[in-house]
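One structure is given here, and the rest of the page talks about it.
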Amino acid sequence: MAELGYIALVLALAGAVFALIGSAFGGKAETSWINRNARKAVIAVFVLMSAAVVILEAAILTHYFEIQYVYQYTDRSMSPVYLFSALWAGNAGSLLIWAWFISLCGYILVLRQRPGKRELTPYTLAVVMTVQLFFTSLVLFFTNPFTRLDAASFPVVPSDGIGMNPLLENPGMVLHPPILIAGFALFVVPFAYAISALLNNRLDNTWISHARRWMIMAWLLLGVGNLIGAWWAYAVLGWGGYWGWDPIENAGLIPWLVATAAIHSIVVQKRRGGFKLWTISLTIAVFILIKTGAFLARSDILSSVHTFGRTAMDPMFLTLIGISLAGSIGLLIWRRKSLKSEMSIENLVSREATFLLFNLLLVGAAAVTLIGTLAPILPGSINLDTSFYNRAVVPILVAIILLVGVCVTIGWRRLEVRRLRFTLLVSAGAALGVVAILLFAGFNQWHALIPVFIAVFAIVSTILTWFKDALARRKALSESFIKASLNLIRSNRARYGGYLVHISIAVMAVGVIGSSVYKTETSGVLAPGESMDANGYTITYETLLGEGDGTRMEVWAVLDVYRGQRHLGEMKPVQLTHANYQGWMARVAIRYSLIEDVYISLTGWEPVDADDPDKGYWAGFMVDINPLVSWIWAGGVLFLAGGLTCYWPKGKKQPSAGSED
């Protein structure tokens, strides 16, 4: 099995080399023999990489412990779903999956080629195959997942493996890594189209027409992956938070922010012929930032719980980043005359101007986050904590949300004063009403109320704009309001999907504000039958239970939770340990609610009477009351719906009243 996987990787490497050479020559002669066979080689690379993935997965599921990777990350006690997810639990497996996704991108590009419309495809494939060659080389020569156990250390094949860290046995492990890796991998295609456009001097809208949906899907996957990672950290680690500004967390956020700016630049370029340099530069920057994040995750240059540790591949990543950066800058300078904007901003209060400011803020937030992330290795070696990001990045993100609320009301080129005045006044009034209610309820922290005002303003202004568009369509086409609203989406998915994304970001912002400012924390040690109060909740400790199988052990407390006289149910926080991992690990109990979450951790225990175990155990608890956290996850669902709406292919052309891109 190990030999078959190794052979598949070797053949995939050879196929990538041939496809790269053939596609590069095909840029000048697309009908040549080598170009035609290069496309076949791209398909072969995908088939071979798929075979390698299937072989490794089969080895994992069948407990083939002769392979070092299988021995390190699995054991026989793991459930099938977590055995399956062990495929990306380690450095070697995650890079294999990354390489597979890139091969899938190449395969789809070949399938979608249209005769007579291949101006960009050969060079695009050449770039994709260059990156494919890079990742396949990493997997094959630096961290091969098919390496056998050392015979000197293991003269007999072990009957069981080390197993996965118990904290990784969570639905987040099944979803977060592959979605994030898929987002990282798919960004290679917009980058490849951008480089191809520069090489061919085809810097009109052709390349962005090809790259736009790839960009949206990669951006959507990266955003959803980050959100699932935040939920995973919240649900498992027991610290009560969901985002710690960890360097590797930031490595996923930074390219997403820049990609968001690139998507907005695409809108301006397609509609007005502007932002050409912005669009192509941001697209290239996303690719380079992703590779920078991959380097940080696969080295110990920065301290993070998410890194794989130092590996011999560090120089390879640095070389790729350097070549990509230098080559891209050279191409941009070479084609600078062709990248001149066809648009001038005639009015500072126009959608073009707000898009420009939007991009500046997004890039600014990304740049500040990047500087904060790299600060420990920059001259001076400053270690910045979360307070730096809260002071430097959060205000920029709040300004972006405010701009979202204003932008939807402003037209292209000109200012529609009546429309702007009505929408802004109603939105501001609604936001002030919410703030007044919060003040009456005793929430008077200005540093929370101002962002809440801005978030509610953005939500209401977006909904109002959508509502007014639906009324205009209803009047113009004599449709029912519901039908008009749905047909608006069908006729302009990019616009109204974008509106849904804007609303989702503001909803998530409300969740972040509430959980950050109004969170309360209570701790206590209880004997069986005793209770503690936590911000209006009564927590009654009933008993402590446990079970184990020799490999792993779980201990959990049974708690009754009351709100006043109302019994909300039982909660069972857990501590667990694994024979191959040192120490105990917490698994929190959470009662989710749109108003606030009850979040309880078991922190420790000891016998009430060492001589009489029947008297039970003292137990320590940490109880967090986290307001509005569920708004973050609800906003994530809206974000997914809006992103899919933007991505979804256009259907039958619908008549539209005043539609805009």
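Chain labels run A, B, ... following the order of the structure tokens; each chain numbers its residues from 1, and ligands are numbered from 1 in the order shown.
Every protein or nucleic acid residue with an atom no more than 10 Å from stretch 606-616 of chain A, counting only C-alpha atoms and leaving out same-chain residues fewer than 4 positions away, appears here: A:Ala527, A:Pro528, A:Glu542, A:Thr543, A:Leu544, A:Leu545, A:Gly620.
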Pick out the residues sitting within 9 Å of A:Ala211, and hand them over as a ChimeraX atom specification; count only C-alpha atoms, and ignore anything fewer than 5 positions along from it in its own chain.
-> /A:189-194,206,216
Any chance you could export the current selection's all heavy atoms as an mmCIF file, in the first residue's frame?
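Writing done, so here's result13.cif:
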data_model
loop_
_atom_site.group_PDB
_atom_site.id
_atom_site.type_symbol
_atom_site.label_atom_id
_atom_site.label_comp_id
_atom_site.auth_asym_id
_atom_site.auth_seq_id
_atom_site.Cartn_x
_atom_site.Cartn_y
_atom_site.Cartn_z
ATOM 1 N N VAL A 189 -6.175 29.690 -8.777
ATOM 2 C CA VAL A 189 -6.734 29.909 -10.114
ATOM 3 C C VAL A 189 -6.869 31.400 -10.430
ATOM 4 O O VAL A 189 -6.428 31.844 -11.500
ATOM 5 C CB VAL A 189 -8.070 29.164 -10.278
ATOM 6 C CG1 VAL A 189 -8.662 29.438 -11.663
ATOM 7 C CG2 VAL A 189 -7.876 27.667 -10.083
ATOM 8 N N PRO A 190 -7.473 32.240 -9.553
ATOM 9 C CA PRO A 190 -7.457 33.684 -9.851
ATOM 10 C C PRO A 190 -6.046 34.231 -10.017
ATOM 11 O O PRO A 190 -5.804 35.072 -10.897
ATOM 12 C CB PRO A 190 -8.152 34.292 -8.619
ATOM 13 C CG PRO A 190 -9.011 33.208 -8.084
ATOM 14 C CD PRO A 190 -8.261 31.936 -8.341
ATOM 15 N N PHE A 191 -5.119 33.757 -9.186
ATOM 16 C CA PHE A 191 -3.721 34.183 -9.336
ATOM 17 C C PHE A 191 -3.181 33.785 -10.708
ATOM 18 O O PHE A 191 -2.522 34.585 -11.388
ATOM 19 C CB PHE A 191 -2.879 33.548 -8.229
ATOM 20 C CG PHE A 191 -1.399 33.728 -8.398
ATOM 21 C CD1 PHE A 191 -0.792 34.947 -8.136
ATOM 22 C CD2 PHE A 191 -0.593 32.678 -8.827
ATOM 23 C CE1 PHE A 191 0.580 35.114 -8.289
ATOM 24 C CE2 PHE A 191 0.775 32.831 -8.980
ATOM 25 C CZ PHE A 191 1.362 34.050 -8.718
ATOM 26 N N ALA A 192 -3.474 32.557 -11.129
ATOM 27 C CA ALA A 192 -2.986 32.082 -12.429
ATOM 28 C C ALA A 192 -3.585 32.890 -13.575
ATOM 29 O O ALA A 192 -2.891 33.231 -14.548
ATOM 30 C CB ALA A 192 -3.322 30.598 -12.592
ATOM 31 N N TYR A 193 -4.864 33.211 -13.483
ATOM 32 C CA TYR A 193 -5.486 34.043 -14.520
ATOM 33 C C TYR A 193 -4.860 35.443 -14.547
ATOM 34 O O TYR A 193 -4.673 36.040 -15.623
ATOM 35 C CB TYR A 193 -6.991 34.148 -14.289
ATOM 36 C CG TYR A 193 -7.786 33.035 -14.929
ATOM 37 C CD1 TYR A 193 -8.572 32.187 -14.160
ATOM 38 C CD2 TYR A 193 -7.767 32.841 -16.308
ATOM 39 C CE1 TYR A 193 -9.315 31.167 -14.745
ATOM 40 C CE2 TYR A 193 -8.499 31.820 -16.906
ATOM 41 C CZ TYR A 193 -9.269 30.989 -16.116
ATOM 42 O OH TYR A 193 -9.994 29.977 -16.703
ATOM 43 N N ALA A 194 -4.554 35.984 -13.366
ATOM 44 C CA ALA A 194 -3.938 37.316 -13.314
ATOM 45 C C ALA A 194 -2.566 37.307 -13.982
ATOM 46 O O ALA A 194 -2.236 38.205 -14.777
ATOM 47 C CB ALA A 194 -3.820 37.770 -11.858
ATOM 48 N N THR A 206 -11.663 40.306 -19.589
ATOM 49 C CA THR A 206 -11.682 38.888 -19.935
ATOM 50 C C THR A 206 -11.205 38.023 -18.777
ATOM 51 O O THR A 206 -11.852 37.040 -18.400
ATOM 52 C CB THR A 206 -10.801 38.623 -21.168
ATOM 53 O OG1 THR A 206 -11.276 39.416 -22.258
ATOM 54 C CG2 THR A 206 -10.849 37.155 -21.554
ATOM 55 N N ILE A 216 -14.752 34.074 -5.779
ATOM 56 C CA ILE A 216 -15.856 34.079 -4.815
ATOM 57 C C ILE A 216 -15.905 32.773 -4.037
ATOM 58 O O ILE A 216 -16.085 32.769 -2.810
ATOM 59 C CB ILE A 216 -17.193 34.349 -5.530
ATOM 60 C CG1 ILE A 216 -17.234 35.802 -6.031
ATOM 61 C CG2 ILE A 216 -18.377 34.064 -4.622
ATOM 62 C CD1 ILE A 216 -18.447 36.127 -6.880
#
Expected answer as a ChimeraX atom specification: helix (DSSP H, G or I) residues in stretch 241-305 of chain A | /A:247-272,276-297
Mind dumping the selected residues with C-alpha atoms as a PDB file, in the first residue's frame?
ATOM      1  CA  PRO A 247      -0.629  34.083  14.358  1.00  0.00           C
ATOM      2  CA  ILE A 248      -2.095  31.135  12.453  1.00  0.00           C
ATOM      3  CA  GLU A 249      -5.655  32.393  12.968  1.00  0.00           C
ATOM      4  CA  ASN A 250      -4.483  35.696  11.524  1.00  0.00           C
ATOM      5  CA  ALA A 251      -2.936  33.817   8.596  1.00  0.00           C
ATOM      6  CA  GLY A 252      -6.464  32.809   7.598  1.00  0.00           C
ATOM      7  CA  LEU A 253      -8.023  36.222   8.232  1.00  0.00           C
ATOM      8  CA  ILE A 254      -5.489  38.394   6.377  1.00  0.00           C
ATOM      9  CA  PRO A 255      -5.930  36.885   2.877  1.00  0.00           C
ATOM     10  CA  TRP A 256      -9.715  36.865   3.403  1.00  0.00           C
ATOM     11  CA  LEU A 257      -9.700  40.612   4.043  1.00  0.00           C
ATOM     12  CA  VAL A 258      -7.577  41.254   0.944  1.00  0.00           C
ATOM     13  CA  ALA A 259      -9.751  38.917  -1.143  1.00  0.00           C
ATOM     14  CA  THR A 260     -12.827  40.855   0.002  1.00  0.00           C
ATOM     15  CA  ALA A 261     -11.194  44.015  -1.339  1.00  0.00           C
ATOM     16  CA  ALA A 262     -10.347  42.227  -4.611  1.00  0.00           C
ATOM     17  CA  ILE A 263     -13.959  41.120  -5.114  1.00  0.00           C
ATOM     18  CA  HIS A 264     -15.167  44.705  -4.679  1.00  0.00           C
ATOM     19  CA  SER A 265     -12.500  45.900  -7.118  1.00  0.00           C
ATOM     20  CA  ILE A 266     -13.811  43.405  -9.669  1.00  0.00           C
ATOM     21  CA  VAL A 267     -17.252  45.045  -9.417  1.00  0.00           C
ATOM     22  CA  VAL A 268     -15.805  48.472 -10.212  1.00  0.00           C
ATOM     23  CA  GLN A 269     -13.641  47.171 -13.070  1.00  0.00           C
ATOM     24  CA  LYS A 270     -16.528  45.321 -14.708  1.00  0.00           C
ATOM     25  CA  ARG A 271     -18.984  48.197 -14.371  1.00  0.00           C
ATOM     26  CA  ARG A 272     -16.811  51.281 -14.842  1.00  0.00           C
ATOM     27  CA  LYS A 276      -7.543  47.645 -12.858  1.00  0.00           C
ATOM     28  CA  LEU A 277      -4.321  47.896 -10.889  1.00  0.00           C
ATOM     29  CA  TRP A 278      -6.192  47.349  -7.629  1.00  0.00           C
ATOM     30  CA  THR A 279      -7.902  44.205  -8.908  1.00  0.00           C
ATOM     31  CA  ILE A 280      -4.876  42.428 -10.298  1.00  0.00           C
ATOM     32  CA  SER A 281      -2.545  43.517  -7.475  1.00  0.00           C
ATOM     33  CA  LEU A 282      -4.939  42.362  -4.768  1.00  0.00           C
ATOM     34  CA  THR A 283      -5.477  39.030  -6.524  1.00  0.00           C
ATOM     35  CA  ILE A 284      -1.727  38.436  -6.596  1.00  0.00           C
ATOM     36  CA  ALA A 285      -1.392  39.602  -2.981  1.00  0.00           C
ATOM     37  CA  VAL A 286      -3.957  37.038  -1.777  1.00  0.00           C
ATOM     38  CA  PHE A 287      -1.909  34.191  -3.268  1.00  0.00           C
ATOM     39  CA  ILE A 288       1.336  35.438  -1.718  1.00  0.00           C
ATOM     40  CA  LEU A 289      -0.306  35.987   1.683  1.00  0.00           C
ATOM     41  CA  ILE A 290      -1.687  32.444   1.640  1.00  0.00           C
ATOM     42  CA  LYS A 291       1.767  31.035   0.974  1.00  0.00           C
ATOM     43  CA  THR A 292       3.160  33.244   3.742  1.00  0.00           C
ATOM     44  CA  GLY A 293       0.575  31.791   6.111  1.00  0.00           C
ATOM     45  CA  ALA A 294       1.496  28.268   5.018  1.00  0.00           C
ATOM     46  CA  PHE A 295       5.140  29.023   5.780  1.00  0.00           C
ATOM     47  CA  LEU A 296       4.231  30.330   9.252  1.00  0.00           C
ATOM     48  CA  ALA A 297       2.102  27.245   9.982  1.00  0.00           C
TER      49      ALA A 297
END
Contact residues around A:Gln445 with only C-alpha atoms at 12 Å, ignoring same-chain residues under 4 positions, as a list in words = Val435, Leu438, Leu439, Ala441, Leu449, Ile450, Pro451, Val452, Ile513, Gly514, Ser516, Val517 and Tyr518 of chain A
For the residues in the current selection, export all heavy atoms as a compact mmCIF listing (two decimals), in the first residue's frame.
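This is the output file selection_32.txt:
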# COMPACT_ATOMS: atom_id res chain seq x y z
N VAL A 435 -30.17 51.68 20.59
CA VAL A 435 -29.24 52.18 21.61
C VAL A 435 -30.01 52.70 22.82
O VAL A 435 -29.61 52.47 23.98
CB VAL A 435 -28.34 53.29 21.02
CG1 VAL A 435 -27.55 54.00 22.12
CG2 VAL A 435 -27.39 52.70 19.98
N LEU A 438 -31.10 49.82 24.94
CA LEU A 438 -29.97 49.28 25.69
C LEU A 438 -29.61 50.17 26.88
O LEU A 438 -29.30 49.67 27.97
CB LEU A 438 -28.77 49.11 24.76
CG LEU A 438 -28.90 48.03 23.68
CD1 LEU A 438 -27.70 48.07 22.73
CD2 LEU A 438 -29.02 46.64 24.31
N LEU A 439 -29.65 51.49 26.66
CA LEU A 439 -29.37 52.41 27.76
C LEU A 439 -30.41 52.26 28.87
O LEU A 439 -30.08 52.26 30.07
CB LEU A 439 -29.35 53.85 27.25
CG LEU A 439 -28.10 54.29 26.49
CD1 LEU A 439 -28.33 55.65 25.83
CD2 LEU A 439 -26.89 54.35 27.42
N ALA A 441 -32.01 49.63 29.57
CA ALA A 441 -31.79 48.34 30.23
C ALA A 441 -30.52 48.33 31.08
O ALA A 441 -30.21 47.32 31.71
CB ALA A 441 -31.72 47.23 29.18
N LEU A 449 -21.81 50.71 22.70
CA LEU A 449 -23.01 51.28 22.10
C LEU A 449 -22.73 51.91 20.73
O LEU A 449 -23.57 51.84 19.83
CB LEU A 449 -23.61 52.33 23.04
CG LEU A 449 -24.18 51.78 24.36
CD1 LEU A 449 -24.69 52.92 25.23
CD2 LEU A 449 -25.28 50.77 24.08
N ILE A 450 -21.56 52.52 20.56
CA ILE A 450 -21.24 53.11 19.26
C ILE A 450 -21.14 52.04 18.17
O ILE A 450 -21.76 52.16 17.11
CB ILE A 450 -19.95 53.94 19.35
CG1 ILE A 450 -20.19 55.19 20.21
CG2 ILE A 450 -19.47 54.36 17.96
CD1 ILE A 450 -18.94 56.03 20.45
N PRO A 451 -20.38 50.94 18.38
CA PRO A 451 -20.38 49.88 17.36
C PRO A 451 -21.75 49.24 17.15
O PRO A 451 -22.08 48.87 16.02
CB PRO A 451 -19.37 48.86 17.93
CG PRO A 451 -18.50 49.62 18.85
CD PRO A 451 -19.38 50.68 19.44
N VAL A 452 -22.56 49.12 18.23
CA VAL A 452 -23.91 48.57 18.06
C VAL A 452 -24.74 49.49 17.17
O VAL A 452 -25.46 49.02 16.27
CB VAL A 452 -24.59 48.38 19.44
CG1 VAL A 452 -26.09 48.16 19.27
CG2 VAL A 452 -23.98 47.20 20.17
N ILE A 513 -19.61 42.17 19.69
CA ILE A 513 -19.69 43.25 20.68
C ILE A 513 -20.30 42.75 21.97
O ILE A 513 -19.77 42.96 23.07
CB ILE A 513 -20.52 44.43 20.11
CG1 ILE A 513 -19.82 45.04 18.90
CG2 ILE A 513 -20.74 45.49 21.18
CD1 ILE A 513 -20.74 45.88 18.03
N GLY A 514 -21.45 42.06 21.85
CA GLY A 514 -22.13 41.58 23.05
C GLY A 514 -21.29 40.62 23.86
O GLY A 514 -21.20 40.74 25.10
N SER A 516 -18.03 40.26 23.84
CA SER A 516 -16.76 40.83 24.30
C SER A 516 -16.94 41.78 25.48
O SER A 516 -16.17 41.75 26.44
CB SER A 516 -16.07 41.58 23.16
OG SER A 516 -15.82 40.73 22.07
N VAL A 517 -17.99 42.59 25.43
CA VAL A 517 -18.16 43.65 26.44
C VAL A 517 -18.96 43.17 27.65
O VAL A 517 -18.67 43.55 28.79
CB VAL A 517 -18.83 44.88 25.80
CG1 VAL A 517 -19.07 45.97 26.85
CG2 VAL A 517 -17.97 45.41 24.66
N TYR A 518 -19.97 42.34 27.42
CA TYR A 518 -20.91 42.01 28.50
C TYR A 518 -20.75 40.60 29.04
O TYR A 518 -21.59 40.12 29.80
CB TYR A 518 -22.35 42.23 28.00
CG TYR A 518 -22.59 43.66 27.58
CD1 TYR A 518 -22.75 43.99 26.24
CD2 TYR A 518 -22.62 44.67 28.53
CE1 TYR A 518 -22.96 45.32 25.86
CE2 TYR A 518 -22.83 46.00 28.15
CZ TYR A 518 -23.00 46.31 26.81
OH TYR A 518 -23.19 47.62 26.45
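Proximity to A:Glu3 was assessed for A:Phe141, A:Phe146, A:Trp334, A:Phe18 counting only C-alpha atoms; the smallest distance is recorded for A:Phe146.
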Which polymer residues have any atom within 9 Å of an atom of A:Ser523, counting only C-alpha atoms, with same-chain residues fewer than 4 positions away left out, as a list in words?
-> Met532, Ala534, Gly620, Phe621, Met622, Val623 and Asp624 of chain A
Go ahead and dump the residues you just picked, C-alpha atoms, as a PDB file, in the first residue's frame.
ATOM      1  CA  MET A 532     -23.645  28.649  42.937  1.00  0.00           C
ATOM      2  CA  ALA A 534     -23.767  33.084  38.002  1.00  0.00           C
ATOM      3  CA  GLY A 620     -14.415  23.186  40.672  1.00  0.00           C
ATOM      4  CA  PHE A 621     -16.327  25.000  37.951  1.00  0.00           C
ATOM      5  CA  MET A 622     -15.849  28.025  35.726  1.00  0.00           C
ATOM      6  CA  VAL A 623     -19.155  29.490  34.507  1.00  0.00           C
ATOM      7  CA  ASP A 624     -19.178  32.076  31.706  1.00  0.00           C
TER       8      ASP A 624
END
Check which residues of stretch 116-178 of chain A sit at most 10 Å from stretch 304-326 of chain A using only C-alpha atoms, and return one row each with the closest pair of atoms and their distance in Å to one decimal, ordered by chain and rising number, as a tab-separated table.
residue	atom	partner	partner_atom	distance
A:Val131	CA	A:Leu320	CA	8.8
A:Phe134	CA	A:Leu320	CA	8.2
A:Phe135	CA	A:Phe317	CA	9.7
A:Ser137	CA	A:Met316	CA	9.7
A:Leu138	CA	A:Met313	CA	7.0
A:Val139	CA	A:Met313	CA	9.8
A:Phe141	CA	A:Met313	CA	9.3
A:Phe142	CA	A:Met313	CA	6.4
A:Thr143	CA	A:Met313	CA	8.5
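Of the listed residues A:Gln68, A:Leu402, A:Trp219, A:Glu352, the one whose atoms come nearest to A:Phe639 is A:Trp219, with distances taken using only C-alpha atoms.
The list of residues with at least one atom within 8 Å of stretch 479-486 of chain A, based on only C-alpha atoms and without residues fewer than 5 positions apart in the same chain, reads Trp466, Phe467, Ala470, Leu471, Arg473 and Arg474 of chain A.
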Go ahead and write the selection's residues with all heavy atoms as a tab-separated table (two decimals), in the first residue's frame.
chain	number	residue	atom	x	y	z
A	466	TRP	N	-32.97	47.12	-0.14
A	466	TRP	CA	-33.55	45.93	-0.76
A	466	TRP	C	-35.07	46.08	-0.85
A	466	TRP	O	-35.68	45.77	-1.88
A	466	TRP	CB	-33.18	44.71	0.08
A	466	TRP	CG	-33.30	43.39	-0.61
A	466	TRP	CD1	-34.09	43.06	-1.66
A	466	TRP	CD2	-32.57	42.20	-0.28
A	466	TRP	NE1	-33.92	41.75	-2.01
A	466	TRP	CE2	-33.00	41.20	-1.18
A	466	TRP	CE3	-31.63	41.88	0.68
A	466	TRP	CZ2	-32.51	39.89	-1.12
A	466	TRP	CZ3	-31.15	40.59	0.73
A	466	TRP	CH2	-31.57	39.61	-0.16
A	467	PHE	N	-35.68	46.52	0.23
A	467	PHE	CA	-37.13	46.69	0.28
A	467	PHE	C	-37.60	47.69	-0.78
A	467	PHE	O	-38.58	47.46	-1.49
A	467	PHE	CB	-37.52	47.17	1.69
A	467	PHE	CG	-39.00	47.29	1.92
A	467	PHE	CD1	-39.76	46.18	2.26
A	467	PHE	CD2	-39.63	48.52	1.80
A	467	PHE	CE1	-41.13	46.29	2.47
A	467	PHE	CE2	-40.99	48.65	2.02
A	467	PHE	CZ	-41.75	47.52	2.35
A	470	ALA	N	-37.45	46.23	-4.21
A	470	ALA	CA	-38.56	45.30	-4.44
A	470	ALA	C	-39.85	46.06	-4.71
A	470	ALA	O	-40.65	45.67	-5.58
A	470	ALA	CB	-38.72	44.37	-3.24
A	471	LEU	N	-40.08	47.16	-3.99
A	471	LEU	CA	-41.28	47.97	-4.24
A	471	LEU	C	-41.25	48.57	-5.64
A	471	LEU	O	-42.29	48.62	-6.33
A	471	LEU	CB	-41.37	49.08	-3.20
A	471	LEU	CG	-41.80	48.68	-1.78
A	471	LEU	CD1	-41.81	49.91	-0.87
A	471	LEU	CD2	-43.18	48.03	-1.79
A	473	ARG	N	-39.73	47.35	-8.29
A	473	ARG	CA	-39.99	46.27	-9.25
A	473	ARG	C	-41.47	45.88	-9.23
A	473	ARG	O	-42.07	45.63	-10.28
A	473	ARG	CB	-39.11	45.07	-8.93
A	473	ARG	CG	-39.29	43.93	-9.94
A	473	ARG	CD	-38.50	42.70	-9.58
A	473	ARG	NE	-38.78	41.64	-10.55
A	473	ARG	CZ	-38.02	41.32	-11.57
A	473	ARG	NH1	-36.88	41.95	-11.77
A	473	ARG	NH2	-38.37	40.36	-12.40
A	474	ARG	N	-42.03	45.80	-8.04
A	474	ARG	CA	-43.46	45.45	-7.92
A	474	ARG	C	-44.32	46.45	-8.69
A	474	ARG	O	-45.26	46.08	-9.40
A	474	ARG	CB	-43.84	45.43	-6.44
A	474	ARG	CG	-45.32	45.20	-6.16
A	474	ARG	CD	-45.57	45.18	-4.65
A	474	ARG	NE	-46.97	45.04	-4.36
A	474	ARG	CZ	-47.83	46.05	-4.25
A	474	ARG	NH1	-47.39	47.29	-4.44
A	474	ARG	NH2	-49.10	45.83	-3.98
Can you tell me which residues surround stretch 92-100 of chain A at a distance of at most 7 Å, considering only C-alpha atoms, apart from same-chain residues fewer than 6 positions away, and format the answer as a tab-separated table (two decimals) with N, CA, C and O atoms, in the first residue's frame?
chain	number	residue	atom	x	y	z
A	46	PHE	N	-4.51	14.85	-11.80
A	46	PHE	CA	-5.66	14.78	-10.89
A	46	PHE	C	-5.98	13.33	-10.53
A	46	PHE	O	-6.23	13.01	-9.36
A	49	MET	N	-3.19	12.04	-8.16
A	49	MET	CA	-3.30	12.61	-6.82
A	49	MET	C	-4.51	12.05	-6.09
A	49	MET	O	-4.47	11.81	-4.87
A	50	SER	N	-5.60	11.83	-6.82
A	50	SER	CA	-6.79	11.22	-6.21
A	50	SER	C	-6.47	9.81	-5.73
A	50	SER	O	-6.91	9.39	-4.64
A	132	GLN	N	1.30	23.21	-8.54
A	132	GLN	CA	1.11	21.76	-8.33
A	132	GLN	C	2.45	21.06	-8.16
A	132	GLN	O	2.63	20.21	-7.28
A	135	PHE	N	3.86	21.78	-4.59
A	135	PHE	CA	3.25	21.04	-3.49
A	135	PHE	C	3.49	19.54	-3.60
A	135	PHE	O	3.70	18.86	-2.58
A	136	THR	N	3.47	19.02	-4.79
A	136	THR	CA	3.75	17.59	-4.96
A	136	THR	C	5.18	17.28	-4.55
A	136	THR	O	5.46	16.24	-3.94
A	139	VAL	N	5.35	17.15	-0.75
A	139	VAL	CA	4.79	15.91	-0.22
A	139	VAL	C	5.73	14.74	-0.49
A	139	VAL	O	5.95	13.88	0.38
A	143	THR	N	7.89	15.54	3.24
A	143	THR	CA	6.98	15.03	4.27
A	143	THR	C	6.04	13.99	3.66
A	143	THR	O	4.83	14.17	3.62
A	144	ASN	N	6.63	12.90	3.22
A	144	ASN	CA	5.88	11.87	2.51
A	144	ASN	C	4.95	11.13	3.46
A	144	ASN	O	5.41	10.52	4.43
A	145	PRO	N	3.65	11.14	3.20
A	145	PRO	CA	2.72	10.45	4.10
A	145	PRO	C	2.77	8.93	3.98
A	145	PRO	O	2.14	8.24	4.79
A	181	ILE	N	-8.35	24.56	3.74
A	181	ILE	CA	-7.35	24.17	2.74
A	181	ILE	C	-7.91	24.33	1.34
A	181	ILE	O	-7.21	24.79	0.41
A	182	ALA	N	-9.18	23.95	1.15
A	182	ALA	CA	-9.81	24.11	-0.17
A	182	ALA	C	-9.83	25.58	-0.57
A	182	ALA	O	-9.54	25.93	-1.73
A	185	ALA	N	-6.35	26.57	-1.58
A	185	ALA	CA	-5.94	25.97	-2.85
A	185	ALA	C	-6.63	26.65	-4.03
A	185	ALA	O	-6.00	26.90	-5.07
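Take the candidates A:Ala24, A:Val45, A:Leu83, A:Val157 and check each one against A:Phe65 using only C-alpha atoms; the shortest distance goes to A:Val157.
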List the neighbours of A:Ile454 out to 12 Å using only C-alpha atoms; skip same-chain residues closer than 5 positions along the sequence, and give me the result as JSON, numbers by chain.
-> {"A": [395, 397, 398, 399, 400, 401, 402, 403, 404, 405, 406, 424, 427, 428, 429, 430, 431, 432, 434, 435, 447, 448, 449, 459, 460, 461, 503, 505, 506, 507, 509, 510, 513]}
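Among the candidates A:Ser338, A:Arg351, A:Leu559, A:Asp549, the one nearest to A:Arg76 when counting only C-alpha atoms is A:Asp549.
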